[in-house]
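File shown: target-v9.cif (mmCIF, C-alpha atoms).
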```cif
data_input
loop_
_atom_site.label_atom_id
_atom_site.label_comp_id
_atom_site.auth_asym_id
_atom_site.auth_seq_id
_atom_site.Cartn_x
_atom_site.Cartn_y
_atom_site.Cartn_z
CA MET A 1 29.45 94.77 112.11
CA HIS A 2 32.76 94.07 110.40
CA LEU A 3 34.84 95.08 113.42
CA THR A 4 32.65 92.94 115.69
CA TYR A 5 33.54 89.85 113.65
CA LEU A 6 37.22 90.78 113.83
CA SER A 7 37.17 91.34 117.61
CA VAL A 8 35.42 88.07 118.39
CA ILE A 9 37.70 85.95 116.20
CA PHE A 10 40.82 87.65 117.60
CA PHE A 11 39.62 86.87 121.13
CA LEU A 12 39.14 83.22 120.18
CA PHE A 13 42.65 83.16 118.70
CA LEU A 14 44.14 84.34 122.00
CA LEU A 15 42.25 81.66 123.92
CA ILE A 16 43.42 78.89 121.60
CA ASN A 17 47.05 80.01 121.43
CA PHE A 18 47.48 80.52 125.18
CA THR A 19 45.94 77.14 126.02
CA THR A 20 47.98 75.06 123.55
CA GLN A 21 51.43 75.70 124.99
CA ASP A 22 53.29 72.95 126.85
CA THR A 23 56.48 73.04 128.87
CA SER A 24 59.33 70.97 127.50
CA VAL A 25 61.24 68.62 129.81
CA ILE A 26 64.10 67.90 127.43
CA SER A 27 65.36 69.79 124.43
CA PHE A 28 66.44 69.07 120.87
CA GLN A 29 68.94 71.43 119.30
CA PRO A 30 67.77 72.23 116.70
CA SER A 31 64.11 71.23 117.27
CA SER A 32 63.69 70.38 113.59
CA ILE A 33 66.04 69.57 110.72
CA SER A 34 65.62 69.31 106.97
CA ILE A 35 67.84 67.03 104.91
CA VAL A 36 67.84 65.37 101.49
CA THR A 37 68.35 61.69 100.82
CA GLY A 38 71.97 60.71 101.40
CA GLU A 39 72.80 63.82 103.45
CA ASN A 40 74.19 63.71 107.02
CA LYS A 41 73.22 66.13 109.76
CA SER A 42 73.89 66.19 113.52
CA PHE A 43 71.69 67.20 116.43
CA LEU A 44 71.94 67.29 120.22
CA TYR A 45 69.62 64.81 121.93
CA ASP A 46 68.71 63.46 125.34
CA GLY A 47 66.51 60.35 125.45
CA LYS A 48 65.68 57.16 123.57
CA LEU A 49 65.06 57.03 119.83
CA ASP A 50 61.96 55.31 118.51
CA ASN A 51 61.72 53.20 115.34
CA VAL A 52 62.94 55.26 112.39
CA HIS A 53 60.90 53.24 109.83
CA GLY A 54 63.63 53.29 107.20
CA TYR A 55 63.48 57.03 106.65
CA ILE A 56 66.94 57.54 108.15
CA ASN A 57 69.83 55.24 108.99
CA SER A 58 69.44 53.45 112.32
CA VAL A 59 70.69 55.42 115.30
CA PRO A 60 71.63 53.95 118.70
CA ASN A 61 69.55 54.19 121.84
CA ILE A 62 71.19 56.37 124.47
CA THR A 63 70.95 56.11 128.26
CA PHE A 64 71.71 59.14 130.41
CA THR A 65 72.55 58.63 134.08
CA ASN A 66 72.84 62.37 134.79
CA GLU A 67 75.81 61.63 137.06
CA THR A 68 78.08 64.16 135.35
CA ILE A 69 77.56 67.28 133.29
CA ASP A 70 78.99 65.54 130.21
CA ASP A 71 76.39 62.80 130.61
CA ARG A 72 73.43 65.08 130.01
CA SER A 73 73.60 65.45 126.23
CA GLN A 74 75.08 63.81 123.15
CA PHE A 75 75.42 64.58 119.46
CA ILE A 76 73.79 62.16 117.01
CA THR A 77 74.23 62.12 113.22
CA VAL A 78 71.30 61.10 111.04
CA THR A 79 71.45 60.16 107.36
CA GLY A 80 68.40 60.46 105.12
CA ARG A 81 67.51 57.28 103.24
CA ARG A 82 64.15 58.03 101.59
CA GLN A 83 61.77 60.92 101.18
CA GLY A 84 59.27 61.59 103.91
CA HIS A 85 58.72 63.06 107.31
CA LEU A 86 59.85 61.58 110.63
CA VAL A 87 59.02 62.39 114.25
CA LEU A 88 61.54 61.22 116.86
CA THR A 89 60.35 61.15 120.47
CA ALA A 90 62.00 60.49 123.83
CA GLN A 91 61.15 57.95 126.54
CA SER A 92 62.07 57.76 130.22
CA SER A 93 61.00 55.61 133.16
CA GLN A 94 62.09 58.20 135.72
CA ILE A 95 60.84 61.56 134.44
CA ASN A 96 57.63 62.59 132.75
CA ILE A 97 58.38 63.37 129.11
CA SER A 98 55.56 64.76 127.00
CA SER A 99 55.44 63.44 123.45
CA LEU A 100 53.52 66.60 122.55
CA VAL A 101 56.54 68.86 122.93
CA ASP A 102 59.62 66.65 123.43
CA PHE A 103 60.25 65.51 119.89
CA LEU A 104 62.39 66.19 116.84
CA LEU A 105 60.93 66.80 113.39
CA ILE A 106 62.99 65.51 110.47
CA ASP A 107 62.05 66.39 106.90
CA ILE A 108 63.73 64.25 104.23
CA ALA A 109 63.40 65.85 100.79
CA ARG A 110 64.33 64.72 97.31
CA SER A 111 66.19 67.89 96.35
CA HIS A 112 67.46 71.08 97.99
CA VAL A 113 67.01 72.88 94.67
CA LEU A 114 63.35 71.90 94.55
CA ASN A 115 62.99 73.07 98.16
CA ILE A 116 64.29 76.50 97.17
CA PHE A 117 61.96 76.60 94.16
CA ILE A 118 59.02 75.72 96.41
CA GLN A 119 59.88 78.64 98.67
CA ILE A 120 60.08 80.96 95.64
CA VAL A 121 56.69 79.78 94.39
CA GLY A 122 55.25 80.32 97.86
CA TRP A 123 56.46 83.88 98.04
CA ILE A 124 55.19 84.58 94.51
CA TYR A 125 51.65 83.61 95.43
CA PHE A 126 52.03 85.42 98.74
CA LEU A 127 52.97 88.63 96.91
CA ALA A 128 50.25 88.17 94.28
CA TRP A 129 47.51 87.58 96.83
CA SER A 130 48.80 90.30 99.14
CA VAL A 131 49.11 92.95 96.42
CA SER A 132 45.69 91.93 95.06
CA PHE A 133 43.99 93.87 97.86
CA TYR A 134 45.51 97.19 96.83
CA PRO A 135 44.05 97.83 93.36
CA GLN A 136 40.62 97.97 95.03
CA ILE A 137 41.90 100.17 97.85
CA ILE A 138 43.56 102.53 95.35
CA LEU A 139 40.45 102.58 93.15
CA ASN A 140 38.29 103.49 96.14
CA PHE A 141 40.72 106.26 97.11
CA ARG A 142 40.81 107.77 93.62
CA ARG A 143 37.03 107.70 93.21
CA ARG A 144 36.37 108.68 96.85
CA SER A 145 33.58 106.17 96.50
CA VAL A 146 32.88 102.50 97.18
CA ILE A 147 29.80 102.34 94.98
CA GLY A 148 30.11 99.15 92.96
CA LEU A 149 31.89 97.26 95.74
CA ASN A 150 29.46 94.89 97.42
CA PHE A 151 29.23 95.23 101.19
CA ASP A 152 28.18 91.60 101.67
CA PHE A 153 31.53 90.69 100.15
CA LEU A 154 33.34 92.96 102.60
CA SER A 155 31.62 91.61 105.71
CA LEU A 156 32.09 87.96 104.76
CA ASN A 157 35.66 88.59 103.59
CA ILE A 158 36.87 89.98 106.94
CA LEU A 159 35.34 87.04 108.83
CA GLY A 160 36.86 84.53 106.43
CA HIS A 161 40.37 85.94 106.46
CA THR A 162 40.37 86.31 110.24
CA SER A 163 39.34 82.67 110.64
CA TYR A 164 42.06 81.62 108.20
CA ALA A 165 44.63 83.67 110.12
CA VAL A 166 43.75 81.83 113.34
CA PHE A 167 44.14 78.48 111.57
CA ASN A 168 47.52 79.36 110.06
CA ILE A 169 49.08 81.10 113.06
CA VAL A 170 48.16 78.45 115.64
CA LEU A 171 49.07 75.48 113.43
CA TYR A 172 52.39 77.10 112.52
CA THR A 173 53.40 78.15 116.06
CA SER A 174 51.93 75.52 118.39
CA SER A 175 54.04 72.38 118.84
CA LYS A 176 51.11 70.64 120.53
CA VAL A 177 48.84 71.15 117.52
CA GLN A 178 51.62 70.10 115.16
CA GLN A 179 52.01 66.85 117.08
CA GLN A 180 48.27 66.24 116.72
CA TYR A 181 48.58 66.88 113.00
CA PHE A 182 51.48 64.46 112.54
CA ALA A 183 49.61 61.84 114.57
CA GLN A 184 46.86 62.00 111.94
CA HIS A 185 49.29 62.32 109.02
CA PRO A 186 52.35 60.21 109.88
CA HIS A 187 55.46 61.35 108.00
CA GLY A 188 53.39 64.12 106.42
CA VAL A 189 54.48 67.68 105.67
CA LEU A 190 53.05 70.56 107.69
CA PRO A 191 50.74 72.29 105.17
CA VAL A 192 51.23 75.78 106.62
CA LEU A 193 54.38 77.73 105.79
CA LEU A 194 55.64 81.13 106.92
CA ASN A 195 54.27 82.89 103.85
CA ASP A 196 50.81 81.50 104.66
CA VAL A 197 50.99 83.03 108.13
CA ILE A 198 52.16 86.43 106.87
CA PHE A 199 49.59 86.46 104.07
CA SER A 200 46.62 85.73 106.31
CA GLY A 201 47.68 88.36 108.83
CA HIS A 202 48.18 90.93 106.08
CA ALA A 203 44.81 90.01 104.55
CA VAL A 204 43.04 90.92 107.79
CA PHE A 205 44.83 94.29 107.74
CA ALA A 206 43.95 95.00 104.09
CA CYS A 207 40.32 94.02 104.60
CA SER A 208 40.15 96.35 107.59
CA VAL A 209 41.45 99.24 105.45
CA THR A 210 38.77 98.57 102.81
CA ILE A 211 36.08 98.47 105.49
CA ILE A 212 37.25 101.82 106.85
CA GLN A 213 36.99 103.21 103.30
CA SER A 214 33.42 101.94 103.09
CA LEU A 215 32.61 103.93 106.22
CA ILE A 216 34.08 107.26 105.10
CA TYR A 217 33.63 107.32 101.29
CA GLU A 218 30.49 107.73 99.22
CA ARG A 219 28.49 104.53 99.31
CA GLY A 220 25.01 105.44 98.14
CA ASN A 221 22.35 103.23 99.66
CA GLN A 222 24.63 100.21 100.00
CA ARG A 223 24.82 98.29 103.26
CA VAL A 224 25.30 94.74 104.48
CA SER A 225 22.23 92.63 103.71
CA TYR A 226 20.33 90.86 106.45
CA VAL A 227 21.24 87.51 104.92
CA ALA A 228 24.98 88.29 105.06
CA ARG A 229 24.60 89.45 108.67
CA ALA A 230 22.84 86.23 109.58
CA LEU A 231 25.49 84.11 107.87
CA GLY A 232 28.27 85.98 109.65
CA ALA A 233 26.54 85.62 113.01
CA VAL A 234 26.08 81.88 112.48
CA GLY A 235 29.80 81.52 111.71
CA VAL A 236 30.89 83.48 114.77
CA VAL A 237 28.53 81.61 117.13
CA PHE A 238 29.66 78.26 115.70
CA LEU A 239 33.33 79.10 116.29
CA LEU A 240 32.63 80.46 119.75
CA ILE A 241 30.78 77.30 120.86
CA SER A 242 33.45 75.08 119.30
CA THR A 243 36.19 76.99 121.12
CA ILE A 244 34.42 76.57 124.46
CA ILE A 245 34.06 72.82 123.85
CA SER A 246 37.75 72.59 122.91
CA LEU A 247 38.84 74.47 126.03
CA SER A 248 36.87 71.95 128.09
CA ASN A 249 39.03 69.18 126.51
CA HIS A 250 36.10 67.61 124.64
CA LEU A 251 37.41 68.61 121.22
CA PRO A 252 41.02 68.37 119.95
CA THR A 253 42.59 71.72 119.18
CA LEU A 254 43.47 70.53 115.67
CA THR A 255 39.82 69.74 114.99
CA LEU A 256 38.87 73.20 116.26
CA LEU A 257 41.37 74.76 113.85
CA TYR A 258 39.87 72.75 111.03
CA PHE A 259 36.51 74.27 111.98
CA PHE A 260 38.06 77.71 111.57
CA SER A 261 39.41 76.70 108.16
CA TYR A 262 36.02 75.28 107.12
CA VAL A 263 34.38 78.59 107.97
CA LYS A 264 36.92 80.29 105.72
CA LEU A 265 36.22 77.78 102.93
CA ALA A 266 32.45 78.20 103.24
CA ILE A 267 32.80 81.98 103.15
CA THR A 268 34.99 81.77 100.05
CA ILE A 269 32.19 79.86 98.33
CA LEU A 270 29.65 82.51 99.31
CA LYS A 271 31.51 85.82 99.36
CA TYR A 272 32.06 86.18 95.61
CA CYS A 273 28.43 85.43 94.76
CA PRO A 274 27.00 88.82 95.85
CA GLN A 275 29.62 90.69 93.79
CA ALA A 276 29.06 88.51 90.71
CA TRP A 277 25.29 89.02 91.03
CA MET A 278 25.74 92.76 91.56
CA ASN A 279 27.84 92.99 88.39
CA TYR A 280 25.11 91.12 86.52
CA LYS A 281 22.33 93.37 87.81
CA ARG A 282 24.26 96.53 86.93
CA LYS A 283 25.63 95.09 83.66
CA SER A 284 28.91 96.69 84.69
CA THR A 285 32.07 95.99 86.66
CA GLU A 286 32.75 99.67 87.38
CA GLY A 287 33.90 100.07 90.97
CA TRP A 288 35.21 96.50 91.09
CA SER A 289 38.93 96.37 90.32
CA ILE A 290 40.02 93.90 87.63
CA GLY A 291 43.60 94.26 88.89
CA ASN A 292 42.44 92.60 92.09
CA ILE A 293 41.09 89.67 90.08
CA LEU A 294 44.16 89.18 87.87
CA LEU A 295 46.47 89.09 90.89
CA ASP A 296 44.04 86.85 92.74
CA PHE A 297 44.08 84.42 89.81
CA THR A 298 47.90 84.40 89.78
CA GLY A 299 47.99 83.67 93.50
CA GLY A 300 45.54 80.79 93.18
CA VAL A 301 47.57 79.10 90.44
CA PHE A 302 50.87 79.39 92.32
CA SER A 303 49.25 78.25 95.59
CA LEU A 304 48.16 74.98 93.99
CA LEU A 305 51.56 74.62 92.28
CA GLN A 306 53.34 74.91 95.62
CA MET A 307 51.17 72.21 97.21
CA PHE A 308 51.90 69.73 94.41
CA LEU A 309 55.64 70.51 94.44
CA LEU A 310 55.78 69.95 98.22
CA SER A 311 54.05 66.61 97.88
CA SER A 312 56.39 65.56 95.09
CA ASN A 313 59.56 66.59 96.94
CA TYR A 314 58.61 64.67 100.10
CA ASN A 315 56.67 61.84 98.39
CA ASP A 316 53.70 62.82 100.54
CA TRP A 317 50.60 63.23 98.39
CA THR A 318 48.27 62.86 101.36
CA SER A 319 49.47 66.22 102.70
CA ILE A 320 47.52 67.93 99.89
CA PHE A 321 44.40 67.05 101.85
CA GLY A 322 46.02 67.95 105.19
CA SER A 323 44.99 71.54 104.48
CA PRO A 324 41.64 71.26 102.68
CA THR A 325 41.16 75.00 103.05
CA LYS A 326 44.33 75.84 101.13
CA LEU A 327 43.40 73.39 98.36
CA GLY A 328 39.81 74.60 98.23
CA LEU A 329 40.86 78.25 98.29
CA GLY A 330 43.13 77.77 95.30
CA LEU A 331 40.49 75.97 93.24
CA LEU A 332 37.59 78.27 94.14
CA THR A 333 39.69 81.38 93.63
CA ILE A 334 40.59 80.31 90.11
CA LEU A 335 36.96 79.47 89.20
CA PHE A 336 35.50 82.75 90.46
CA ASP A 337 38.33 84.77 88.95
CA ILE A 338 37.59 83.26 85.56
CA LEU A 339 33.96 84.32 86.02
CA PHE A 340 34.93 87.90 86.91
CA ILE A 341 37.42 88.09 84.04
CA THR A 342 34.64 86.95 81.69
CA GLN A 343 32.30 89.60 83.07
CA HIS A 344 34.87 92.37 82.77
CA TYR A 345 36.42 91.65 79.38
CA ILE A 346 33.58 89.91 77.51
CA LEU A 347 30.11 90.42 78.98
CA TYR A 348 30.40 93.98 80.34
CA ARG A 349 33.40 95.43 78.55
CA PRO A 350 34.56 98.68 80.18
CA ASN A 351 34.82 100.64 76.93
CA LEU A 352 31.10 100.22 76.40
CA GLN A 353 30.27 101.47 79.85
CA TYR A 354 32.54 104.45 80.44
CA SER A 355 30.34 106.74 78.33
CA LYS A 356 27.87 106.76 81.20
CA ARG A 357 28.47 106.00 84.84
CA ILE A 358 26.23 103.27 86.13
CA ASN A 359 25.40 103.38 89.80
CA MET A 360 22.82 101.54 91.78
CA SER A 361 19.60 103.38 92.40
CA ASN A 362 17.93 103.17 95.77
CA ASN A 363 15.26 100.77 94.60
CA GLU A 364 17.52 98.62 92.40
CA PHE A 365 19.90 97.30 95.00
CA ASN A 366 19.34 97.93 98.70
CA ASP A 367 20.06 96.36 102.04
CA LYS A 368 17.46 93.66 101.44
CA THR A 369 18.91 92.56 98.12
CA SER A 370 21.24 89.56 98.33
CA ILE A 371 22.47 86.82 96.05
CA ILE A 372 21.66 84.34 98.79
CA SER A 373 17.96 85.14 98.51
CA MET A 374 17.74 86.13 94.83
CA LYS A 375 14.89 84.98 92.63
CA ALA A 376 15.14 84.35 88.93
#
```

Please render this file's structure as structure tokens.
Amino acid sequence: MHLTYLSVIFFLFLLINFTTQDTSVISFQPSSISIVTGENKSFLYDGKLDNVHGYINSVPNITFTNETIDDRSQFITVTGRRQGHLVLTAQSSQINISSLVDFLLIDIARSHVLNIFIQIVGWIYFLAWSVSFYPQIILNFRRRSVIGLNFDFLSLNILGHTSYAVFNIVLYTSSKVQQQYFAQHPHGVLPVLLNDVIFSGHAVFACSVTIIQSLIYERGNQRVSYVARALGAVGVVFLLISTIISLSNHLPTLTLLYFFSYVKLAITILKYCPQAWMNYKRKSTEGWSIGNILLDFTGGVFSLLQMFLLSSNYNDWTSIFGSPTKLGLGLLTILFDILFITQHYILYRPNLQYSKRINMSNNEFNDKTSIISMKA
């Protein structure tokens, strides 16, 4: 069941990525630059510059006759004037230039130092969230058992992280999708960074390892509930239909990626509930690693911090909502982690439970028991 979700979402990712690539007619070298206010930087350009809207000093329009080799390119120096994000495009009456790929991205920041700090914060939450998978994996290995780890959580988690990986990888690598994003968020900051891409890819790997453990270690009578299976199937079918509509050019690729991110957000809302309910029913958190939760909490805090620092550095507060999944993930992660910390350290303190091992009996928690369908 888990591997089926992974295979379908990976197939959809290949379809999206291979159909969102355009061929560039002209080139910018480099294709994007990052400067701070008052700084000068040069780039090689062929075309006509659009209105710079006061973000950089005015630059001249250039006409290329292509009569000589020297008349095919020219260096231009830009000077940042105020914080923001600028997209420069080319125009020509004689050749077909696509604004989707033939453009230059210019980021104008307040401070280089703050930019470096933002990168550090990003890698901190990347490491915290990435390492957070391993306390559970190590705990399962030491116990040779996954009893206490809810299988509904596992099945929803792999679907959610795979959907999030598709969103991050395509938005980060596809110039066409980026152009669609900046058309909706003029002078905005791309909300996906390299650490987001690496994290989501690693998360899929770590979830796969945990699923393999659930197949080979002692698991008692635990299995994925029918409700979780139905929810996962609905998510996969929704993404599959949306992808087909997008490939038929009736749905923008950016909107499709948002659908993937919304699936991830919805799963984040749901996936922790079965584990929290299971802890409540067992009056124990044994089998559920608190190290996972503490690192998860750290990652959520630093993820939100990075988003606010980015917005401050580029004076672009609307970009916080450019990635609703990232914002929602940070907030929801913190809330659920507080709940699990409360369960572990206050409600079901480990020192009170280690005198006797509490496992689920066959009739206490089975494949038909789910938080989604629980009754008070």

Evaluate the PyMOL selection byres ((chain A and resi 141-157) around 9) against this structure - the residues, as a ChimeraX atom specification, please. /A:1-2,5,136-140,158-162,204,207,210-211,213-214,216-225,227-229,231-232,264,267-268,270-275,278-279,282,284-289,358-360,370

Take CA of Tyr164 (chain A) and CA of Leu332 (chain A) and report the distance between them in Å, one decimal. 15.1 Å

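Minimum atom-to-atom distances from A:Leu305, A:Leu294, A:Asn315, A:Gly328 to Ile341 (chain A) were compared using all atoms listed in the file, and the lowest value belongs to A:Leu294.
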
Could you check the closest approach to Lys281 (chain A) for each of A:Ile124, A:Gln343, A:Ser130, A:Phe336 and tell me which residue wins, using all atoms listed in the file? A:Gln343

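Those DNA, RNA and protein residues that approach the point (59.3, 68.1, 94.2) to within 12 Å, considering only C-alpha atoms, are A:Val36, A:Gln83, A:Gly84, A:Ile108, A:Ala109, A:Arg110, A:Ser111, A:His112, A:Val113, A:Leu114, A:Asn115, A:Ile116, A:Phe117, A:Ile118, A:Gln119, A:Val121, A:Leu305, A:Gln306, A:Met307, A:Phe308, A:Leu309, A:Leu310, A:Ser311, A:Ser312, A:Asn313, A:Tyr314, A:Asn315, A:Asp316, A:Trp317.
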
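Taking CA of Gly122 (chain A) as the reference point, CA of Thr173 (chain A) is found at 18.4 Å.
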
Enclosing box along x, y and z for every listed atom of region 119-128 of chain A, padded 8 Å each side, centre and size in Å, one decimal, as AutoDock Vina command-line options:
```
--center_x 55.2 --center_y 83.6 --center_z 96.5 --size_x 25.8 --size_y 26.0 --size_z 20.5
```

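Here the PyMOL selection byres ((chain A and resi 195-197) around 8) catches exactly these residues: Gly122, Trp123, Phe126, Ala165, Asn168, Ile169, Tyr172, Val192, Leu193, Leu194, Ile198, Phe199, Ser200 and Gly201 of chain A.
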
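Nearest to Asp296 (chain A) of all the residues A:Asp337, A:Leu331, A:Phe259, A:Leu254 is A:Asp337, based on all atoms listed in the file.
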
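With CA of Gly291 (chain A) on one side and CA of Pro135 (chain A) on the other, the separation reads 5.7 Å.
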
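The smallest atom-to-atom distance between Leu257 (chain A) and any of A:Trp277, A:Phe167, A:Phe238, A:Tyr348, using only C-alpha atoms, is found for A:Phe167.
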
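With only C-alpha atoms as the atoms that count, the minimum distance from Leu251 (chain A) to the choices A:Thr342, A:Gln180, A:Ser174, A:Asn292 is reached by A:Gln180.
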
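Restricting the calculation to only C-alpha atoms, the smallest distance between Ser303 (chain A) and any of A:Ile290, A:Leu265, A:Leu240, A:Ala128 is found for A:Ala128.
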
Expand the PyMOL selection byres ((chain A and resi 330) around 9) into the explicit residue set it covers here, and present it as a ChimeraX atom specification. /A:297,299-304,325-329,331-335
